[in-house]
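K.L.:
What follows is a single structure, and I will ask about it in a moment.
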Amino acid sequence: MLSRIAGIVLGQFIECEDTTRRYDPHTMREVLMDLAAEADLPCITDLPIGHGDVNAPVALGARHRLDANEGVLLPLEAATA
């Protein structure tokens, strides 16, 4: 499945970290970043998408350009036909 993925974009993780510290010192963000690195995929985190106060729209199925160095996701096409 990873062979079809060009990059990984993660939103903000709100109130979902382990408060028991059972998995300390690894946060969900750190685990996902490590998995992306192992798969040799560019990855950016903390985009205002998902369930936070700011929820920017991301068109699923539309092409985007991921610039992991700058931490930017840019749409390349319209979300509607």
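Each chain in the structure tokens gets a letter, A, B and so on, in the order shown; residues start at 1 in every chain, and ligands are counted from 1 in the order they appear.
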When you look at Val72 of chain A with a cut-off of 8 Å (counting only C-alpha atoms), what residues show up, excluding the ones that are within fewer than 5 positions of it in the same chain? I need them as a count of residues only.
P.N.:
3
K.L.:
So which one's closest to Gly11 of chain A, A:Asp34, A:Asp53, A:Leu41, A:His26? Using only C-alpha atoms, please.
P.N.:
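Looking only at the distances to Gly11 of chain A, the closest residue turns out to be A:Asp53.
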K.L.:
Which of chain A counts as strand (DSSP E or B) under DSSP, as a compact mmCIF listing (two decimals) with N, CA and C atoms, in the first residue's frame please?
P.N.:
```txt
# COMPACT_ATOMS: atom_id res chain seq x y z
N ILE A 8 2.91 12.04 3.27
CA ILE A 8 1.95 11.97 4.36
C ILE A 8 1.74 13.36 4.94
N VAL A 9 0.47 13.71 5.12
CA VAL A 9 0.09 14.99 5.71
C VAL A 9 -0.71 14.69 6.97
N LEU A 10 -0.27 15.24 8.08
CA LEU A 10 -0.96 15.03 9.35
C LEU A 10 -1.52 16.33 9.86
N GLY A 11 -2.71 16.27 10.40
CA GLY A 11 -3.33 17.44 11.00
C GLY A 11 -2.85 17.64 12.43
N GLN A 12 -3.66 18.36 13.16
CA GLN A 12 -3.34 18.62 14.56
C GLN A 12 -4.01 17.55 15.42
N CYS A 43 6.85 13.94 5.04
CA CYS A 43 5.74 14.05 5.98
C CYS A 43 5.74 15.43 6.61
N ILE A 44 4.56 16.03 6.69
CA ILE A 44 4.42 17.28 7.43
C ILE A 44 3.31 17.10 8.46
N THR A 45 3.42 17.83 9.54
CA THR A 45 2.48 17.69 10.64
C THR A 45 1.92 19.04 11.04
N ASP A 46 0.92 18.98 11.90
CA ASP A 46 0.33 20.17 12.52
C ASP A 46 -0.36 21.10 11.54
N LEU A 47 -0.83 20.57 10.41
CA LEU A 47 -1.63 21.41 9.52
C LEU A 47 -3.00 21.64 10.15
N PRO A 48 -3.62 22.78 9.86
CA PRO A 48 -4.92 23.08 10.48
C PRO A 48 -6.05 22.31 9.81
N ILE A 49 -5.97 20.99 9.87
CA ILE A 49 -7.01 20.13 9.30
C ILE A 49 -7.39 19.10 10.35
N GLY A 50 -8.58 18.63 10.29
CA GLY A 50 -9.02 17.61 11.23
C GLY A 50 -10.06 18.13 12.19
N HIS A 64 -2.35 17.37 -4.95
CA HIS A 64 -1.73 18.43 -4.14
C HIS A 64 -0.22 18.33 -4.28
N ARG A 65 0.45 19.42 -3.99
CA ARG A 65 1.91 19.41 -3.92
C ARG A 65 2.30 19.53 -2.45
N LEU A 66 3.11 18.59 -2.01
CA LEU A 66 3.58 18.55 -0.64
C LEU A 66 5.03 19.02 -0.62
N ASP A 67 5.29 20.10 0.10
CA ASP A 67 6.65 20.58 0.30
C ASP A 67 6.99 20.35 1.76
N VAL A 72 4.36 22.77 3.73
CA VAL A 72 3.25 23.36 2.99
C VAL A 72 2.57 22.30 2.12
N LEU A 73 1.25 22.37 2.05
CA LEU A 73 0.45 21.54 1.16
C LEU A 73 -0.34 22.46 0.25
N LEU A 74 -0.09 22.39 -1.06
CA LEU A 74 -0.75 23.28 -2.02
C LEU A 74 -1.63 22.49 -2.97
N PRO A 75 -2.89 22.92 -3.15
CA PRO A 75 -3.76 22.24 -4.12
C PRO A 75 -3.27 22.51 -5.53
```
K.L.:
Which residues come within 8 Å of Ala39 of chain A, counting only C-alpha atoms, excluding same-chain residues fewer than 3 positions away, as a VMD selection string?
P.N.:
chain A and resid 2 35 to 36
K.L.:
Would you write out those residues with all heavy atoms, as an mmCIF file, in the first residue's frame?
P.N.:
```
data_model
loop_
_atom_site.group_PDB
_atom_site.id
_atom_site.type_symbol
_atom_site.label_atom_id
_atom_site.label_comp_id
_atom_site.auth_asym_id
_atom_site.auth_seq_id
_atom_site.Cartn_x
_atom_site.Cartn_y
_atom_site.Cartn_z
ATOM 1 N N LEU A 2 1.972 1.258 0.742
ATOM 2 C CA LEU A 2 2.817 2.449 0.815
ATOM 3 C C LEU A 2 3.433 2.812 -0.525
ATOM 4 O O LEU A 2 3.812 3.965 -0.732
ATOM 5 C CB LEU A 2 3.908 2.272 1.869
ATOM 6 C CG LEU A 2 3.448 2.270 3.323
ATOM 7 C CD1 LEU A 2 4.631 2.035 4.246
ATOM 8 C CD2 LEU A 2 2.739 3.560 3.677
ATOM 9 N N LEU A 35 7.437 6.469 11.412
ATOM 10 C CA LEU A 35 6.954 5.540 10.390
ATOM 11 C C LEU A 35 7.125 6.113 8.989
ATOM 12 O O LEU A 35 7.514 5.404 8.057
ATOM 13 C CB LEU A 35 5.494 5.174 10.648
ATOM 14 C CG LEU A 35 5.245 4.297 11.864
ATOM 15 C CD1 LEU A 35 3.744 4.168 12.116
ATOM 16 C CD2 LEU A 35 5.887 2.936 11.699
ATOM 17 N N ALA A 36 6.845 7.396 8.824
ATOM 18 C CA ALA A 36 7.033 8.040 7.526
ATOM 19 C C ALA A 36 8.504 8.016 7.129
ATOM 20 O O ALA A 36 8.846 7.752 5.971
ATOM 21 C CB ALA A 36 6.510 9.474 7.561
#
```
K.L.:
Using Å and a single decimal, report how far atom CA of Asn69 of chain A sits from atom CA of Asp40 of chain A.
P.N.:
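We find that atom CA of Asp40 of chain A and atom CA of Asn69 of chain A lie 14.1 Å from each other.
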K.L.:
Please determine, counting only C-alpha atoms, which residue among A:Glu70, A:Ala78, A:Val31, A:Ala37 has the shortest atom-to-atom distance to Pro57 of chain A.
P.N.:
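Looking at the shortest contact to Pro57 of chain A, the residue is A:Ala78.
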K.L.:
Per DSSP on the backbone, filter chain A down to the residues in alpha helix (DSSP H) and report them as a PDB file with C-alpha atoms, in the first residue's frame.
P.N.:
```pdb
ATOM      1  CA  MET A  28       1.384   9.998  18.358  1.00  0.00           C
ATOM      2  CA  ARG A  29       3.067  12.650  16.211  1.00  0.00           C
ATOM      3  CA  GLU A  30       6.531  11.189  16.886  1.00  0.00           C
ATOM      4  CA  VAL A  31       5.414   7.646  16.075  1.00  0.00           C
ATOM      5  CA  LEU A  32       3.820   8.701  12.776  1.00  0.00           C
ATOM      6  CA  MET A  33       6.838  10.807  11.816  1.00  0.00           C
ATOM      7  CA  ASP A  34       9.125   7.832  12.522  1.00  0.00           C
ATOM      8  CA  LEU A  35       6.954   5.540  10.390  1.00  0.00           C
ATOM      9  CA  ALA A  36       7.033   8.040   7.526  1.00  0.00           C
ATOM     10  CA  ALA A  37      10.823   8.268   7.798  1.00  0.00           C
ATOM     11  CA  GLU A  38      11.152   4.459   7.765  1.00  0.00           C
TER      12      GLU A  38
END
```
